[in-house]
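Visitor: My structure file query_34.txt, compact mmCIF, C-alpha atoms, is below:
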```
# COMPACT_ATOMS: atom_id res chain seq x y z
CA MET A 24 48.88 60.00 232.31
CA GLU A 25 47.94 59.71 235.95
CA LYS A 26 49.43 62.41 238.16
CA SER A 27 51.23 61.37 241.28
CA ASN A 28 50.75 62.94 244.67
CA GLU A 29 52.68 66.08 245.49
CA GLU A 30 54.05 64.47 248.63
CA LYS A 31 55.81 61.85 246.55
CA GLN A 32 57.55 64.29 244.24
CA LEU A 33 61.27 63.77 244.09
CA ARG A 34 63.47 66.60 245.39
CA PRO A 35 60.61 68.93 246.34
CA GLY A 36 62.93 71.80 247.28
CA LEU A 37 64.97 71.69 244.09
CA TRP A 38 64.11 75.11 242.65
CA ALA A 39 64.55 76.88 245.96
CA THR A 40 67.97 75.29 246.32
CA VAL A 41 69.04 76.26 242.80
CA ASN A 42 67.97 79.87 243.24
CA GLU A 43 69.61 80.09 246.64
CA ARG A 44 72.95 78.80 245.38
CA TYR A 45 72.97 80.69 242.07
CA PRO A 46 71.19 84.01 242.72
CA GLY A 47 69.94 85.66 239.56
CA SER A 48 71.05 82.74 237.47
CA MET A 49 68.05 80.50 237.22
CA ILE A 50 64.31 80.56 236.91
CA THR A 51 62.03 80.79 239.89
CA LYS A 52 59.77 77.81 239.74
CA THR A 53 57.04 77.54 242.30
CA ASP A 54 54.60 75.42 240.34
CA PHE A 55 54.18 71.82 241.34
CA ILE A 56 55.65 69.55 238.69
CA PRO A 57 53.63 66.34 238.66
CA LEU A 58 55.27 63.02 238.16
CA ALA A 59 53.57 60.66 235.75
CA LYS A 60 53.21 56.93 236.28
CA LEU A 61 53.72 54.36 233.58
CA ILE A 62 50.30 53.10 232.56
CA LYS A 63 51.32 50.04 230.57
CA PRO A 64 54.32 47.69 230.53
CA LEU A 65 57.55 49.07 229.08
CA ALA A 66 57.58 46.17 226.62
CA GLU A 67 54.36 47.55 225.15
CA SER A 68 55.34 51.21 225.34
CA ARG A 69 56.61 53.61 222.72
CA LEU A 70 59.65 55.52 223.98
CA SER A 71 60.78 59.01 223.06
CA PHE A 72 63.94 60.75 224.19
CA VAL A 73 64.72 64.42 224.91
CA SER A 74 68.30 65.47 225.56
CA THR A 75 70.21 68.71 226.23
CA SER A 76 73.33 67.18 224.70
CA GLY A 77 73.46 69.27 221.53
CA VAL A 78 73.45 66.12 219.40
CA GLN A 79 72.31 66.63 215.83
CA LEU A 80 72.51 65.08 212.40
CA ARG A 81 75.77 65.76 210.60
CA GLY A 82 75.50 68.48 208.00
CA THR A 83 72.63 70.35 209.66
CA LEU A 84 73.00 73.91 210.96
CA PRO A 85 75.07 73.68 214.14
CA PHE A 86 73.54 74.70 217.43
CA ASP A 87 74.43 78.31 218.12
CA THR A 88 76.92 77.95 220.94
CA ALA A 89 78.39 81.43 220.35
CA HIS A 90 75.23 83.40 221.08
CA PRO A 91 75.52 85.08 224.50
CA ILE A 92 71.85 84.54 225.37
CA GLY A 93 71.53 81.02 224.03
CA ASP A 94 69.95 78.98 221.27
CA TYR A 95 66.23 78.30 221.55
CA THR A 96 65.99 75.83 218.70
CA PHE A 97 65.94 72.07 218.80
CA ARG A 98 66.72 69.26 216.39
CA ALA A 99 64.67 66.21 215.64
CA VAL A 100 66.98 63.21 215.39
CA PRO A 101 65.53 60.08 213.77
CA SER A 102 65.57 57.32 216.36
CA ASN A 103 66.99 54.88 213.82
CA SER A 104 70.06 57.06 213.23
CA LYS A 105 73.52 55.56 213.37
CA THR A 106 75.95 57.24 215.72
CA SER A 107 78.17 57.93 212.73
CA ASP A 108 75.35 60.11 211.35
CA LEU A 109 75.40 62.30 214.44
CA GLU A 110 77.63 65.00 215.90
CA ILE A 111 77.70 67.27 218.93
CA HIS A 112 77.71 71.06 218.95
CA GLN A 113 77.89 72.09 222.58
CA LEU A 114 80.39 74.33 224.32
CA LYS A 115 79.63 73.93 227.98
CA TYR A 116 80.24 70.31 228.88
CA PRO A 117 83.18 67.97 228.21
CA THR A 118 82.47 66.13 224.97
CA ALA A 119 85.67 64.08 224.69
CA GLY A 120 84.06 60.91 226.05
CA ALA A 121 80.97 61.35 223.91
CA GLU A 122 83.15 61.86 220.85
CA ARG A 123 84.55 58.37 221.43
CA ASP A 124 81.18 56.82 222.25
CA LEU A 125 78.10 58.97 221.77
CA ASN A 126 76.07 56.60 223.92
CA VAL A 127 77.62 57.96 227.11
CA ILE A 128 75.62 61.16 226.63
CA TYR A 129 73.04 60.14 224.04
CA PRO A 130 72.33 56.41 224.44
CA ILE A 131 70.68 55.91 221.08
CA GLU A 132 72.25 52.52 220.36
CA ARG A 133 71.29 51.19 223.76
CA MET A 134 67.68 52.22 223.17
CA GLN A 135 67.73 50.68 219.69
CA GLU A 136 69.02 47.44 221.22
CA LEU A 137 66.35 47.45 223.94
CA ALA A 138 63.67 47.98 221.31
CA ALA A 139 65.09 45.19 219.14
CA GLU A 140 65.01 42.88 222.16
CA LYS A 141 61.42 43.99 222.90
CA ILE A 142 62.35 45.18 226.36
CA ILE A 143 60.99 48.47 225.08
CA GLY A 144 57.93 48.16 222.85
CA GLU A 145 59.19 50.51 220.18
CA LEU A 146 60.95 53.81 219.67
CA ALA A 147 59.13 56.95 218.58
CA PRO A 148 60.17 58.05 215.07
CA ASN A 149 62.27 60.92 216.39
CA PHE A 150 64.28 61.87 219.41
CA TYR A 151 64.85 65.54 220.32
CA SER A 152 67.95 67.49 221.21
CA PHE A 153 68.82 71.04 222.21
CA ILE A 154 71.55 72.84 224.14
CA GLY A 155 71.15 73.78 227.76
CA TYR A 156 72.99 77.11 227.67
CA ASN A 157 70.02 79.47 227.67
CA MET A 158 69.87 82.69 229.68
CA ASP A 159 66.21 83.50 229.00
CA ALA A 160 64.35 81.03 231.14
CA GLU A 161 60.94 82.39 230.15
CA ARG A 162 61.71 82.03 226.43
CA LEU A 163 63.05 78.55 227.10
CA GLU A 164 59.85 77.51 228.80
CA ARG A 165 57.44 79.44 226.55
CA THR A 166 58.91 78.51 223.18
CA LEU A 167 61.51 75.76 223.21
CA ALA A 168 59.99 73.55 225.89
CA GLU A 169 56.46 73.96 224.58
CA THR A 170 57.51 73.29 220.99
CA ILE A 171 59.45 70.18 221.89
CA ALA A 172 56.57 68.97 224.03
CA ASP A 173 54.21 69.41 221.07
CA ALA A 174 56.60 67.57 218.73
CA VAL A 175 57.02 64.71 221.19
CA GLU A 176 53.32 64.48 221.88
CA ALA A 177 52.51 64.33 218.17
CA GLU A 178 54.35 61.01 217.95
CA LYS A 179 52.27 59.55 220.77
CA PRO A 180 54.92 58.12 223.08
CA ASP A 181 53.97 56.35 226.27
CA VAL A 182 57.32 57.11 227.93
CA VAL A 183 59.78 59.95 227.47
CA LEU A 184 63.34 59.65 228.70
CA LEU A 185 64.76 63.07 229.70
CA ALA A 186 68.52 63.36 229.92
CA PRO A 187 70.49 66.50 230.80
CA ALA A 188 74.04 66.82 229.54
CA MET B 19 73.01 84.72 235.42
CA SER B 20 69.66 85.29 233.82
CA LEU B 21 68.43 87.59 231.08
CA THR B 22 66.63 89.54 233.80
CA TYR B 23 69.98 90.14 235.50
CA LEU B 24 71.45 91.43 232.22
CA LYS B 25 68.50 93.70 231.44
CA GLU B 26 68.65 95.21 234.91
CA ALA B 27 72.35 95.86 234.40
CA VAL B 28 71.67 97.53 231.03
CA ASP B 29 68.90 99.68 232.51
CA ALA B 30 71.15 100.72 235.40
CA ASN B 31 74.08 101.26 233.04
CA ASP B 32 76.01 98.89 235.28
CA THR B 33 78.95 98.30 232.98
CA GLU B 34 80.83 96.23 235.52
CA LYS B 35 78.04 93.66 235.68
CA LEU B 36 77.90 93.46 231.88
CA ILE B 37 81.65 93.12 231.52
CA ARG B 38 81.58 90.38 234.12
CA TYR B 39 78.91 88.53 232.17
CA VAL B 40 80.81 88.76 228.89
CA ARG B 41 83.97 87.48 230.54
CA LEU B 42 82.07 84.65 232.23
CA HIS B 43 80.52 83.73 228.88
CA PHE B 44 83.83 83.55 227.07
CA GLY B 45 85.57 81.94 230.04
CA ASP B 46 82.99 79.25 230.71
CA GLY B 47 82.28 80.65 234.15
CA ASP B 48 85.82 81.81 234.91
CA GLU B 49 86.05 85.60 234.73
CA ASP B 50 89.85 85.78 234.56
CA ALA B 51 89.94 83.11 231.87
CA GLY B 52 87.32 85.00 229.90
CA LYS B 53 89.37 88.19 230.01
CA LYS B 54 92.34 86.29 228.60
CA GLU B 55 90.15 84.71 225.94
CA ILE B 56 89.00 88.11 224.72
CA ASP B 57 92.60 89.29 224.51
CA LYS B 58 93.56 86.05 222.77
CA ALA B 59 90.96 86.54 220.05
CA TRP B 60 92.20 90.07 219.33
CA ILE B 61 95.82 88.92 219.27
CA GLU B 62 94.97 86.18 216.76
CA ALA B 63 93.26 88.75 214.54
CA LEU B 64 96.20 91.12 214.90
CA LYS B 65 98.73 88.44 213.95
CA LEU B 66 96.93 87.83 210.67
CA LEU B 67 97.26 91.46 209.65
CA LEU B 68 100.93 92.11 210.46
CA GLU B 69 102.05 91.73 206.84
CA VAL B 70 99.14 93.81 205.61
CA PRO B 71 97.73 90.99 203.44
CA ALA B 72 95.14 91.69 200.79
CA THR B 73 91.70 91.55 202.33
CA GLU B 74 88.21 92.01 200.98
CA ARG B 75 87.52 95.49 202.23
CA GLU B 76 84.54 95.82 199.92
CA PHE B 77 83.00 92.77 201.58
CA ILE B 78 83.64 94.24 205.02
CA GLU B 79 82.17 97.61 204.22
CA GLN B 80 79.25 96.12 202.31
CA THR B 81 78.47 93.73 205.15
CA ILE B 82 78.51 96.50 207.73
CA LYS B 83 76.41 98.71 205.52
CA GLU B 84 73.82 96.12 204.51
CA LYS B 85 73.42 93.87 207.52
CA ASP B 86 71.39 94.77 210.58
CA ALA B 87 73.13 95.51 213.85
CA GLU B 88 71.75 92.36 215.49
CA THR B 89 73.29 90.12 212.83
CA LEU B 90 76.60 91.96 213.13
CA ALA B 91 76.50 91.59 216.92
CA HIS B 92 75.89 87.88 216.51
CA LEU B 93 78.74 87.67 214.03
CA TYR B 94 80.99 89.52 216.48
CA PHE B 95 80.44 86.84 219.11
CA ARG B 96 80.90 84.10 216.53
CA LEU B 97 84.17 85.63 215.31
CA HIS B 98 85.52 85.58 218.84
CA PHE B 99 85.31 81.79 218.87
CA TYR B 100 86.67 81.59 215.33
CA PHE B 101 89.86 83.40 216.31
CA VAL B 102 90.18 81.57 219.63
CA ALA B 103 89.97 78.27 217.73
CA ARG B 104 92.73 79.46 215.38
CA SER B 105 95.01 79.97 218.39
CA ASN B 106 94.97 76.21 219.10
CA GLU B 107 94.51 77.08 222.77
CA TRP B 108 90.98 75.86 223.25
CA ILE B 109 89.88 76.11 226.89
CA HIS B 110 86.28 75.04 226.43
CA ASP B 111 84.98 71.61 227.33
CA GLY B 112 82.96 71.26 224.16
CA LYS B 113 83.24 72.56 220.63
CA ILE B 114 81.62 75.36 218.69
```
Before anything else, please render the file you have as C-alpha cells.
Guide:
Amino acid sequence: MEKSNEEKQLRPGLWATVNERYPGSMITKTDFIPLAKLIKPLAESRLSFVSTSGVQLRGTLPFDTAHPIGDYTFRAVPSNSKTSDLEIHQLKYPTAGAERDLNVIYPIERMQELAAEKIIGELAPNFYSFIGYNMDAERLERTLAETIADAVEAEKPDVVLLAPA
Amino acid sequence: MSLTYLKEAVDANDTEKLIRYVRLHFGDGDEDAGKKEIDKAWIEALKLLLEVPATEREFIEQTIKEKDAETLAHLYFRLHFYFVARSNEWIHDGKI
C-alpha cells in the first residue's frame, strides 16, 4: 500500500499525550506510523477486521482476563459467524450493550450486510479479536501484534478495519 | 502502569507500588475498590468453610506439590475473581 506523508498523519502528538497523561502506563512510541491509502474501490476490496473487544467463538478457551499482566493471545473469528455463535470475555469495558447487540462493539452483521450488498467487495475468511488489557507493551507489539498482522496478511485483505473496545 | 513500572518496583522492593498495582487491577483502576474486592474474595472463601464441610484436601496438597509456582500464581488470581463472582457483588464492567 502507498504510504501517506508524515505531515498528513492524524493526531501526530498522540503518543506524547498518552505518556504525559499516564506516566509509566503506556508505551513510548516515537516511530512514525504511516497511513495507507485505499488503492482500489471498496466495492472491489476484501475487508478484514481486528478488534480489542474480546469477542470469541462460544466454547473456546476464554480470554484470560484474570492474569495481572494480560493475555497475549488472539482468536480468529470466522467472518461468516452468527452473533449467536459468539461471546465476549473482557473485564475492562462495559459489555451490557454488546450483550444485547454484539454489533455495537463488533459490527459483524453490518459488515456481512455490506458485503452482501456489494458495497464491500468481500470479507476475509476470518476476523481477529484480542483483549486490550496488556501491561507488557513490548510483548504486545513483538508477539501479539506481529502474529495478528501475519494472520491478517495471509488472507490478503485490501482493507483492515481496526476497532478498539 | 507498565510491566517496566512493576519490574522497577520489584527490583527496588517497593511494596507500596506493588500493592497499589494489585489493588488497581482488582478494582478496575480504583485503589479503594480493589482493596475491598480483595477482602470480599477472602470473606466469600471464609463463609464457605464455616461449617467445616468436607473438602478435597488430597487434591489441594497434590496440586500445590505437583504444579509449578507460576501456574499456582495464575490460579490464585483466577480464584479471586471466582470468589468475587460468588458474592453477587460484581463491580466490573465486563465479565471474566
Visitor: Would you write out, as CSV, a table of all residues in chain A that have an atom no more than 6 Å from an atom of chain B, listing for each the closest atom pair and the distance in Å to one decimal, considering all atoms listed in the file and ordering rows by chain and rising residue number?
Guide:
```
residue,atom,partner,partner_atom,distance
A:Gly47,CA,B:Met19,CA,5.2
A:Ser48,CA,B:Met19,CA,3.5
A:Thr88,CA,B:Ile114,CA,5.8
A:Ala89,CA,B:Arg96,CA,5.3
A:His112,CA,B:Ile114,CA,5.8
A:Gln113,CA,B:Gly112,CA,5.4
A:Leu114,CA,B:Gly112,CA,4.0
A:Lys115,CA,B:Gly112,CA,5.7
A:Tyr116,CA,B:Asp111,CA,5.2
A:Pro117,CA,B:Asp111,CA,4.2
A:Thr118,CA,B:Gly112,CA,5.2
A:Met158,CA,B:Ser20,CA,4.9
A:Asp159,CA,B:Leu21,CA,5.1
```
Visitor: May I ask for the distance between atom CA of Arg123 of chain A and atom CA of Glu136 of chain A, given in Å to one decimal place?
Guide: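 According to the coordinates, atom CA of Arg123 of chain A and atom CA of Glu136 of chain A are separated by 19.0 Å.
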Visitor: So which residues touch Ala63 of chain B within 12 Å, counting only C-alpha atoms, skipping near sequence neighbours fewer than 5 positions away, as an mmCIF file with C-alpha atoms, in the coordinates of the input?
Guide:
```cif
data_model
loop_
_atom_site.group_PDB
_atom_site.id
_atom_site.type_symbol
_atom_site.label_atom_id
_atom_site.label_comp_id
_atom_site.auth_asym_id
_atom_site.auth_seq_id
_atom_site.Cartn_x
_atom_site.Cartn_y
_atom_site.Cartn_z
ATOM 1 C CA ILE B 56 89.000 88.110 224.720
ATOM 2 C CA ASP B 57 92.600 89.290 224.510
ATOM 3 C CA LYS B 58 93.560 86.050 222.770
ATOM 4 C CA LEU B 68 100.930 92.110 210.460
ATOM 5 C CA VAL B 70 99.140 93.810 205.610
ATOM 6 C CA LEU B 97 84.170 85.630 215.310
ATOM 7 C CA HIS B 98 85.520 85.580 218.840
ATOM 8 C CA PHE B 99 85.310 81.790 218.870
ATOM 9 C CA TYR B 100 86.670 81.590 215.330
ATOM 10 C CA PHE B 101 89.860 83.400 216.310
ATOM 11 C CA VAL B 102 90.180 81.570 219.630
ATOM 12 C CA ALA B 103 89.970 78.270 217.730
ATOM 13 C CA ARG B 104 92.730 79.460 215.380
ATOM 14 C CA SER B 105 95.010 79.970 218.390
#
```
Visitor: Using all atoms of segment 66-69 of chain B that appear in the file, construct an axis-aligned enclosing box with 5 Å of padding on every side and provide its centre coordinates and edge lengths in Å, rounded to one decimal, as lines of an AutoDock Vina configuration file.
Guide:
```
center_x = 99.5
center_y = 90.0
center_z = 208.8
size_x = 15.1
size_y = 14.3
size_z = 13.8
```
Visitor: Just how far from atom CA of Leu65 of chain A is atom CA of Ile143 of chain A, in Å to one decimal?
Guide: 5.3 Å
Visitor: Which neighbours of Glu49 of chain B fall inside 8 Å, counting all atoms listed in the file, when residues of the same chain fewer than 6 positions from it are skipped, and could you give them as a ChimeraX atom specification?
Guide: /B:38,41-42
Visitor: Can you measure atom CA of Gly93 of chain A to atom CA of Tyr156 of chain A for me? One decimal in Å is fine.
Guide: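 Here the two named atoms are 5.5 Å from each other.
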Visitor: Do a neighbour search on Ser107 of chain A at 10 Å with all atoms listed in the file, toss out local chain neighbours closer than 4 positions, and write the hits as a VMD selection string.
Guide: chain A and resid 80 to 81 125
Visitor: Pick out the residues sitting within 7 Å of Ser71 of chain A, and hand them over as a count of residues only; count all atoms listed in the file, and ignore anything fewer than 3 positions along from it in its own chain.
Guide: 7
Visitor: Pick from A:Leu137, A:Ile154, A:Ile142, A:Val175: nearest to Ala99 of chain A, with all atoms listed in the file counted?
Guide: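 Among the listed residues, A:Val175 lies closest to Ala99 of chain A.
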Visitor: Since fewer atoms than expected are present, regenerate N, CA, C and O atoms for segment 97-122 of chain A and write them as a PDB file, keeping the file's coordinate frame.
Guide:
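So the final result, stored in selection19.pdb, reads:
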```pdb
ATOM      1  N   PHE A  97      65.649  73.466 218.496  1.00  0.00           N
ATOM      2  CA  PHE A  97      65.940  72.070 218.800  1.00  0.00           C
ATOM      3  C   PHE A  97      66.077  71.314 217.490  1.00  0.00           C
ATOM      4  O   PHE A  97      65.748  71.824 216.419  1.00  0.00           O
ATOM      5  N   ARG A  98      66.591  70.108 217.566  1.00  0.00           N
ATOM      6  CA  ARG A  98      66.720  69.260 216.390  1.00  0.00           C
ATOM      7  C   ARG A  98      65.973  67.954 216.624  1.00  0.00           C
ATOM      8  O   ARG A  98      66.097  67.363 217.702  1.00  0.00           O
ATOM      9  N   ALA A  99      65.245  67.546 215.615  1.00  0.00           N
ATOM     10  CA  ALA A  99      64.670  66.210 215.640  1.00  0.00           C
ATOM     11  C   ALA A  99      65.716  65.250 215.075  1.00  0.00           C
ATOM     12  O   ALA A  99      66.299  65.503 214.017  1.00  0.00           O
ATOM     13  N   VAL A 100      65.982  64.201 215.812  1.00  0.00           N
ATOM     14  CA  VAL A 100      66.980  63.210 215.390  1.00  0.00           C
ATOM     15  C   VAL A 100      66.258  61.875 215.199  1.00  0.00           C
ATOM     16  O   VAL A 100      65.716  61.329 216.161  1.00  0.00           O
ATOM     17  N   PRO A 101      66.219  61.371 213.981  1.00  0.00           N
ATOM     18  CA  PRO A 101      65.530  60.080 213.770  1.00  0.00           C
ATOM     19  C   PRO A 101      66.062  59.016 214.735  1.00  0.00           C
ATOM     20  O   PRO A 101      67.283  58.865 214.894  1.00  0.00           O
ATOM     21  N   SER A 102      65.150  58.284 215.334  1.00  0.00           N
ATOM     22  CA  SER A 102      65.570  57.320 216.360  1.00  0.00           C
ATOM     23  C   SER A 102      66.309  56.126 215.773  1.00  0.00           C
ATOM     24  O   SER A 102      66.928  55.359 216.501  1.00  0.00           O
ATOM     25  N   ASN A 103      66.240  55.967 214.452  1.00  0.00           N
ATOM     26  CA  ASN A 103      66.990  54.880 213.820  1.00  0.00           C
ATOM     27  C   ASN A 103      68.348  55.336 213.288  1.00  0.00           C
ATOM     28  O   ASN A 103      68.997  54.637 212.521  1.00  0.00           O
ATOM     29  N   SER A 104      68.775  56.535 213.706  1.00  0.00           N
ATOM     30  CA  SER A 104      70.060  57.060 213.230  1.00  0.00           C
ATOM     31  C   SER A 104      71.220  56.199 213.718  1.00  0.00           C
ATOM     32  O   SER A 104      71.172  55.611 214.805  1.00  0.00           O
ATOM     33  N   LYS A 105      72.259  56.157 212.916  1.00  0.00           N
ATOM     34  CA  LYS A 105      73.520  55.560 213.370  1.00  0.00           C
ATOM     35  C   LYS A 105      74.327  56.647 214.071  1.00  0.00           C
ATOM     36  O   LYS A 105      74.233  57.834 213.716  1.00  0.00           O
ATOM     37  N   THR A 106      75.146  56.240 215.013  1.00  0.00           N
ATOM     38  CA  THR A 106      75.950  57.240 215.720  1.00  0.00           C
ATOM     39  C   THR A 106      76.898  57.962 214.761  1.00  0.00           C
ATOM     40  O   THR A 106      77.235  59.123 214.985  1.00  0.00           O
ATOM     41  N   SER A 107      77.282  57.296 213.705  1.00  0.00           N
ATOM     42  CA  SER A 107      78.170  57.930 212.730  1.00  0.00           C
ATOM     43  C   SER A 107      77.451  59.035 211.940  1.00  0.00           C
ATOM     44  O   SER A 107      78.096  59.847 211.287  1.00  0.00           O
ATOM     45  N   ASP A 108      76.123  59.057 212.016  1.00  0.00           N
ATOM     46  CA  ASP A 108      75.350  60.110 211.350  1.00  0.00           C
ATOM     47  C   ASP A 108      75.212  61.348 212.222  1.00  0.00           C
ATOM     48  O   ASP A 108      74.657  62.358 211.785  1.00  0.00           O
ATOM     49  N   LEU A 109      75.682  61.246 213.465  1.00  0.00           N
ATOM     50  CA  LEU A 109      75.400  62.300 214.440  1.00  0.00           C
ATOM     51  C   LEU A 109      76.670  63.009 214.882  1.00  0.00           C
ATOM     52  O   LEU A 109      77.766  62.439 214.817  1.00  0.00           O
ATOM     53  N   GLU A 110      76.507  64.248 215.336  1.00  0.00           N
ATOM     54  CA  GLU A 110      77.630  65.000 215.900  1.00  0.00           C
ATOM     55  C   GLU A 110      77.110  65.904 217.001  1.00  0.00           C
ATOM     56  O   GLU A 110      75.900  66.123 217.125  1.00  0.00           O
ATOM     57  N   ILE A 111      78.058  66.430 217.790  1.00  0.00           N
ATOM     58  CA  ILE A 111      77.700  67.270 218.930  1.00  0.00           C
ATOM     59  C   ILE A 111      78.183  68.693 218.673  1.00  0.00           C
ATOM     60  O   ILE A 111      79.329  68.901 218.275  1.00  0.00           O
ATOM     61  N   HIS A 112      77.305  69.658 218.903  1.00  0.00           N
ATOM     62  CA  HIS A 112      77.710  71.060 218.950  1.00  0.00           C
ATOM     63  C   HIS A 112      77.262  71.614 220.289  1.00  0.00           C
ATOM     64  O   HIS A 112      76.090  71.903 220.496  1.00  0.00           O
ATOM     65  N   GLN A 113      78.188  71.708 221.209  1.00  0.00           N
ATOM     66  CA  GLN A 113      77.890  72.090 222.580  1.00  0.00           C
ATOM     67  C   GLN A 113      79.191  72.558 223.212  1.00  0.00           C
ATOM     68  O   GLN A 113      80.200  71.863 223.150  1.00  0.00           O
ATOM     69  N   LEU A 114      79.152  73.737 223.819  1.00  0.00           N
ATOM     70  CA  LEU A 114      80.390  74.330 224.320  1.00  0.00           C
ATOM     71  C   LEU A 114      80.623  74.081 225.804  1.00  0.00           C
ATOM     72  O   LEU A 114      81.742  74.158 226.281  1.00  0.00           O
ATOM     73  N   LYS A 115      79.562  73.794 226.533  1.00  0.00           N
ATOM     74  CA  LYS A 115      79.630  73.930 227.980  1.00  0.00           C
ATOM     75  C   LYS A 115      79.754  72.625 228.766  1.00  0.00           C
ATOM     76  O   LYS A 115      79.643  72.643 229.979  1.00  0.00           O
ATOM     77  N   TYR A 116      79.938  71.521 228.104  1.00  0.00           N
ATOM     78  CA  TYR A 116      80.240  70.310 228.880  1.00  0.00           C
ATOM     79  C   TYR A 116      81.316  69.512 228.144  1.00  0.00           C
ATOM     80  O   TYR A 116      81.454  69.630 226.918  1.00  0.00           O
ATOM     81  N   PRO A 117      82.093  68.718 228.861  1.00  0.00           N
ATOM     82  CA  PRO A 117      83.180  67.970 228.210  1.00  0.00           C
ATOM     83  C   PRO A 117      82.612  66.942 227.228  1.00  0.00           C
ATOM     84  O   PRO A 117      81.839  66.079 227.623  1.00  0.00           O
ATOM     85  N   THR A 118      83.021  67.025 225.986  1.00  0.00           N
ATOM     86  CA  THR A 118      82.470  66.130 224.970  1.00  0.00           C
ATOM     87  C   THR A 118      83.453  65.047 224.527  1.00  0.00           C
ATOM     88  O   THR A 118      83.123  64.241 223.659  1.00  0.00           O
ATOM     89  N   ALA A 119      84.644  65.028 225.146  1.00  0.00           N
ATOM     90  CA  ALA A 119      85.670  64.080 224.690  1.00  0.00           C
ATOM     91  C   ALA A 119      85.181  62.638 224.774  1.00  0.00           C
ATOM     92  O   ALA A 119      85.350  61.851 223.830  1.00  0.00           O
ATOM     93  N   GLY A 120      84.561  62.273 225.893  1.00  0.00           N
ATOM     94  CA  GLY A 120      84.060  60.910 226.050  1.00  0.00           C
ATOM     95  C   GLY A 120      82.965  60.596 225.048  1.00  0.00           C
ATOM     96  O   GLY A 120      82.936  59.514 224.453  1.00  0.00           O
ATOM     97  N   ALA A 121      82.082  61.552 224.854  1.00  0.00           N
ATOM     98  CA  ALA A 121      80.970  61.350 223.910  1.00  0.00           C
ATOM     99  C   ALA A 121      81.460  61.298 222.472  1.00  0.00           C
ATOM    100  O   ALA A 121      80.829  60.672 221.624  1.00  0.00           O
ATOM    101  N   GLU A 122      82.588  61.947 222.198  1.00  0.00           N
ATOM    102  CA  GLU A 122      83.150  61.860 220.850  1.00  0.00           C
ATOM    103  C   GLU A 122      83.634  60.444 220.561  1.00  0.00           C
ATOM    104  O   GLU A 122      83.597  59.979 219.420  1.00  0.00           O
TER     105      GLU A 122
END
```
